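Encoded as structure tokens, the structure appears first; notes follow it.
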Amino acid sequence: MTNASQQRIQVVAHRGASEEAPEHTLAAYRKAIEDGADALECDVRLTADGHLVCVHDRRINRTSNGRGAVSALELADLAALDFGSWKDPGQWRGRPEAPEWEHRPEDREATSVLTLERLLELVSDAGRRVELAVETKHPTRWAGQVEERLLRLLKRFGLDAPASPEESPVRIMSFSARSLHRVQAASPTLPTVYLMQFVSPRLRDGRLPAGVGIAGPSIRILRSHPSYVERLRRSGHRVHVWTVDDPSDVRLCAELGVDAVITNRPQAVLRQLGR
Ligand code: G3P
Ligand code: CA
């Protein structure tokens with residue numbers, strides 16, 4: 001069995017350093033980069049006027065002071081809203097560690113809606129290699145438009161056609177095999193990650209949908225079926241696990257020798273891994 005001392009596990013900041021700072025904002029991604037995260041995870045959705053924005057939910061109600069579905073709003077509508085103040089610092093009261101992130105309303109960009117384009121700029125300017133894992137959300141609704149716009153944007157940054165999947169700083173993740181197949185058809189060397197909430201019977205032997213190189217199982221799968229990692233590895237797949245926040249889960253992932261952990265607490269996980 002591989003463990004943490006033999007292999008460096010990649011630490012991926014889920015929606016940024018989202019335990020501390022509001023998810024999917026520049027504030028959260030800047031904090032994750034400062035913390036030393038190896039990679040950033042983000043979800044992307046299309047606005048009514050065709051912009052890719054980093055928002056998890058179908059609607060913006062939970063994470064902003066606005067209401068409505070991302071798909072029904074234009075970028076200008078979203079840009080007028082605040083995506084930061086819902087993250088109440090009061091929630092930290094009574095906890096041992098205070099958040100290092102502080103909401104500063106004067107830094108408006110830090111908590112505005114974040115476009116994928118702006119996130120790509122942040123990563124390009126990081127001054128070190130920071131990888132990006134982009135998840136396509138509900139792509140079936142858009143019949144290929146999410147992937148098309150995503151690849152067009154990556155092309156502008158010279159990231160759509162890496163020499164090999166191993167060298168790519170960007171990877172595309174999805175629960176939808178169809179979405180990943182669209183990406184592969186247009187950009188065969190861009191790595192793809194098949195996200196799994198549970199293991200369907202046809203994938204139990206460790207194989208993934210055709211052409212997908214990386215498995216993205218939920219930590220729940222590993223808790224109940226740790227041997228699944230070995231099956232995935234035997235089938236030639238790397239393993240990126242989400243969402244790994246609990247120290248006992250970090251330990252399990254290290255013991256199983258997974259390749260990446262996706263976490264809301266990159267700083268704490270890096271510390272636990274001795275980095
Ligand atoms: O990184 C994969 C994970 O983000 C999938 O779940 O709901 O947080 O997007 P969700
Ligand atoms: Ca996600």
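Following the order of the structure tokens, chains are lettered A, B, ..., residues in each are numbered from 1, and ligands are numbered from 1.
Summary of the local environment: counting only C-alpha atoms, residues at most 9 Å from A:Leu195, other than itself and those fewer than 2 positions away along its chain, are A:Met173, A:Ser174, A:Phe175, A:Ser176, A:Ala177, A:Val193, A:Gln197, A:Ile214, A:Ala215, A:Gly216, A:Pro217, A:Ser218, A:His240, A:Val241, A:Trp242.
Taking only C-alpha atoms and all ligand atoms into account, the residues that come within 10 Å of ligand 2 are His14, Arg15, Glu41, Cys42, Asp43, Val44, Cys54, Val55, His56, Asp57, Ala133, Val134, Glu135, Thr136, Lys137, Met173, Ser174, Phe175, Leu195, Trp242, Thr243 and Ile262 of chain A.
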Q: Give me the residues within 8 Å of stretch 68-71 of chain A as a ChimeraX atom specification, counting only C-alpha atoms and dropping any in the same chain fewer than 5 places off.
A: /A:45-48,58-61
Just-selected residues, N, CA and C atoms written as a short mmCIF file (atom, residue, chain, number, x, y, z; two decimals), in the first residue's frame:
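Result written to selection.cif:
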```cif
data_model
loop_
_atom_site.label_atom_id
_atom_site.label_comp_id
_atom_site.auth_asym_id
_atom_site.auth_seq_id
_atom_site.Cartn_x
_atom_site.Cartn_y
_atom_site.Cartn_z
N ARG A 45 -21.02 27.60 -14.72
CA ARG A 45 -22.37 27.66 -15.29
C ARG A 45 -22.42 28.78 -16.32
N LEU A 46 -23.35 28.64 -17.26
CA LEU A 46 -23.50 29.67 -18.29
C LEU A 46 -24.58 30.68 -17.90
N THR A 47 -24.25 31.95 -18.06
CA THR A 47 -25.27 32.98 -17.85
C THR A 47 -26.17 33.07 -19.09
N ALA A 48 -27.25 33.82 -18.96
CA ALA A 48 -28.18 33.96 -20.08
C ALA A 48 -27.49 34.55 -21.31
N ARG A 58 -27.70 26.02 -8.88
CA ARG A 58 -28.43 26.48 -10.06
C ARG A 58 -28.88 27.93 -9.85
N ARG A 59 -29.25 28.24 -8.61
CA ARG A 59 -29.71 29.59 -8.30
C ARG A 59 -28.65 30.30 -7.44
N ILE A 60 -28.73 31.62 -7.42
CA ILE A 60 -27.71 32.39 -6.69
C ILE A 60 -28.15 32.75 -5.27
N ASN A 61 -29.32 32.28 -4.86
CA ASN A 61 -29.92 32.71 -3.58
C ASN A 61 -29.03 32.45 -2.37
#
```
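Distances here use only C-alpha atoms; by that measure, the residue among A:Ala28, A:Val113, A:Leu232, A:Ala37 closest to A:Asn65 is A:Val113.
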(Q) With DSSP run on the backbone, what are the alpha helix (DSSP H) residues within stretch 10-107 of chain A? I'd like them as JSON, numbers by chain. (A) {"A": [26, 27, 28, 29, 30, 31, 32, 33, 34, 35, 75, 76, 77, 78, 79]}
Q. Quick one: residues within 12 Å of A:Asp35, only C-alpha atoms counted, chain neighbours fewer than 5 positions away excluded, as a PyMOL selection string?
A. chain A and resi 11-13+16-17+20+28-30+40+100-101+130+264-271+275
Q: Considering only C-alpha atoms and all ligand atoms, state which residue in the set A:Leu208, A:Ala39, A:Val229, A:Ala161 is at the smallest distance from ligand 1.
A: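 Between A:Leu208, A:Ala39, A:Val229, A:Ala161, the residue approaching ligand 1 most closely is A:Ala39.
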Q) What lies within 8 Å of A:Ile9 using only C-alpha atoms, ignoring chain neighbours under 4 positions off, as a list in words? A)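 These residues fall inside the cut-off: Ala4, Ala254, Gly257, Val258, Asp259, Ala260 and Val261 of chain A.
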Q: Give the strand (DSSP E or B) residues of stretch 1-133 of chain A, as assigned by DSSP on the backbone, as a PyMOL selection string.
A: chain A and resi 10-14+39-46+52-54+59+69+115+131-133
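Omitting A:Asp82 and its sequence neighbours fewer than 4 positions away, and counting only C-alpha atoms, the residues within 12 Å are Pro22, Thr25, Ile60, Asn61, Arg62, Thr63, Ser64, Asn65, Gly66, Arg67, Asp77, Leu78, Trp86, Lys87, His103, Arg104, Pro105, Glu106, Asp107, Arg108, Glu109, Ala110, Thr111, Ser112, Val113 and Leu114 of chain A.
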Just the selected residues (N, CA and C atoms), exported as an mmCIF file, in the first residue's frame, please.
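So result.cif came out as:
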```
data_model
loop_
_atom_site.group_PDB
_atom_site.id
_atom_site.type_symbol
_atom_site.label_atom_id
_atom_site.label_comp_id
_atom_site.auth_asym_id
_atom_site.auth_seq_id
_atom_site.Cartn_x
_atom_site.Cartn_y
_atom_site.Cartn_z
ATOM 1 N N PRO A 22 -15.767 33.230 1.273
ATOM 2 C CA PRO A 22 -16.947 32.820 0.509
ATOM 3 C C PRO A 22 -16.562 32.067 -0.758
ATOM 4 N N THR A 25 -15.184 32.871 -4.886
ATOM 5 C CA THR A 25 -14.846 34.291 -5.061
ATOM 6 C C THR A 25 -13.332 34.421 -5.215
ATOM 7 N N ILE A 60 -28.729 31.620 -7.416
ATOM 8 C CA ILE A 60 -27.713 32.390 -6.693
ATOM 9 C C ILE A 60 -28.149 32.750 -5.270
ATOM 10 N N ASN A 61 -29.317 32.281 -4.861
ATOM 11 C CA ASN A 61 -29.920 32.713 -3.583
ATOM 12 C C ASN A 61 -29.032 32.454 -2.366
ATOM 13 N N ARG A 62 -28.368 31.311 -2.327
ATOM 14 C CA ARG A 62 -27.580 30.959 -1.146
ATOM 15 C C ARG A 62 -26.306 31.783 -1.027
ATOM 16 N N THR A 63 -25.684 32.096 -2.137
ATOM 17 C CA THR A 63 -24.332 32.674 -2.071
ATOM 18 C C THR A 63 -24.252 34.140 -2.512
ATOM 19 N N SER A 64 -25.388 34.785 -2.612
ATOM 20 C CA SER A 64 -25.332 36.211 -2.985
ATOM 21 C C SER A 64 -26.514 36.938 -2.342
ATOM 22 N N ASN A 65 -26.572 38.245 -2.548
ATOM 23 C CA ASN A 65 -27.725 39.003 -2.047
ATOM 24 C C ASN A 65 -28.791 39.155 -3.134
ATOM 25 N N GLY A 66 -28.681 38.335 -4.191
ATOM 26 C CA GLY A 66 -29.687 38.360 -5.257
ATOM 27 C C GLY A 66 -30.499 37.081 -5.275
ATOM 28 N N ARG A 67 -31.347 36.948 -6.264
ATOM 29 C CA ARG A 67 -32.193 35.767 -6.400
ATOM 30 C C ARG A 67 -32.275 35.371 -7.858
ATOM 31 N N ASP A 77 -26.135 41.580 -14.532
ATOM 32 C CA ASP A 77 -27.030 41.431 -13.367
ATOM 33 C C ASP A 77 -26.226 40.854 -12.194
ATOM 34 N N LEU A 78 -25.431 39.849 -12.490
ATOM 35 C CA LEU A 78 -24.648 39.190 -11.428
ATOM 36 C C LEU A 78 -23.577 40.123 -10.884
ATOM 37 N N TRP A 86 -22.824 36.921 2.609
ATOM 38 C CA TRP A 86 -23.578 35.788 3.174
ATOM 39 C C TRP A 86 -22.697 34.952 4.105
ATOM 40 N N LYS A 87 -21.388 35.048 3.905
ATOM 41 C CA LYS A 87 -20.473 34.238 4.723
ATOM 42 C C LYS A 87 -20.242 34.994 6.022
ATOM 43 N N HIS A 103 -13.954 40.035 5.487
ATOM 44 C CA HIS A 103 -14.720 40.679 4.428
ATOM 45 C C HIS A 103 -14.398 42.168 4.402
ATOM 46 N N ARG A 104 -13.836 42.621 3.288
ATOM 47 C CA ARG A 104 -13.523 44.050 3.166
ATOM 48 C C ARG A 104 -14.356 44.616 2.022
ATOM 49 N N PRO A 105 -15.489 45.251 2.345
ATOM 50 C CA PRO A 105 -16.405 45.700 1.290
ATOM 51 C C PRO A 105 -15.739 46.622 0.277
ATOM 52 N N GLU A 106 -14.664 47.321 0.688
ATOM 53 C CA GLU A 106 -14.008 48.245 -0.253
ATOM 54 C C GLU A 106 -13.303 47.485 -1.394
ATOM 55 N N ASP A 107 -12.945 46.228 -1.147
ATOM 56 C CA ASP A 107 -12.336 45.408 -2.202
ATOM 57 C C ASP A 107 -13.479 44.671 -2.906
ATOM 58 N N ARG A 108 -14.174 45.387 -3.749
ATOM 59 C CA ARG A 108 -15.409 44.856 -4.327
ATOM 60 C C ARG A 108 -15.159 43.622 -5.192
ATOM 61 N N GLU A 109 -14.055 43.673 -5.940
ATOM 62 C CA GLU A 109 -13.792 42.559 -6.852
ATOM 63 C C GLU A 109 -13.632 41.230 -6.107
ATOM 64 N N ALA A 110 -13.102 41.334 -4.868
ATOM 65 C CA ALA A 110 -12.815 40.107 -4.109
ATOM 66 C C ALA A 110 -14.059 39.269 -3.856
ATOM 67 N N THR A 111 -15.209 39.918 -3.782
ATOM 68 C CA THR A 111 -16.430 39.168 -3.472
ATOM 69 C C THR A 111 -17.532 39.405 -4.512
ATOM 70 N N SER A 112 -17.110 39.769 -5.722
ATOM 71 C CA SER A 112 -18.072 39.881 -6.828
ATOM 72 C C SER A 112 -18.222 38.518 -7.483
ATOM 73 N N VAL A 113 -19.183 38.434 -8.378
ATOM 74 C CA VAL A 113 -19.286 37.183 -9.134
ATOM 75 C C VAL A 113 -17.968 36.964 -9.871
ATOM 76 N N LEU A 114 -17.536 35.723 -9.932
ATOM 77 C CA LEU A 114 -16.242 35.439 -10.548
ATOM 78 C C LEU A 114 -16.458 34.748 -11.894
#
```
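Atom CA of A:Ala210 sits 18.9 Å away from atom CA of A:Glu230.
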Q) Counting only C-alpha atoms, what is within 7 Å of A:Ser168, bar same-chain residues fewer than 4 positions away, as a PyMOL selection string? A) chain A and resi 162+164+190
N, CA and C atoms of the current selection, written as an mmCIF file, in the first residue's frame:
```
data_model
loop_
_atom_site.group_PDB
_atom_site.id
_atom_site.type_symbol
_atom_site.label_atom_id
_atom_site.label_comp_id
_atom_site.auth_asym_id
_atom_site.auth_seq_id
_atom_site.Cartn_x
_atom_site.Cartn_y
_atom_site.Cartn_z
ATOM 1 N N PRO A 162 -2.981 20.638 -24.490
ATOM 2 C CA PRO A 162 -1.672 20.326 -23.901
ATOM 3 C C PRO A 162 -0.975 19.206 -24.663
ATOM 4 N N SER A 164 0.366 16.599 -23.493
ATOM 5 C CA SER A 164 -0.136 15.320 -22.972
ATOM 6 C C SER A 164 -1.007 15.631 -21.756
ATOM 7 N N LEU A 190 -6.654 16.940 -23.249
ATOM 8 C CA LEU A 190 -7.078 17.607 -22.012
ATOM 9 C C LEU A 190 -7.571 16.532 -21.032
#
```
Q. In terms of the shortest atom-to-atom distance over only C-alpha atoms and all ligand atoms, which of A:Leu153, A:Val239, A:Val250, A:Leu256 is closest to ligand 1?
A.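 Distance minimum relative to ligand 1 lands on A:Val239.
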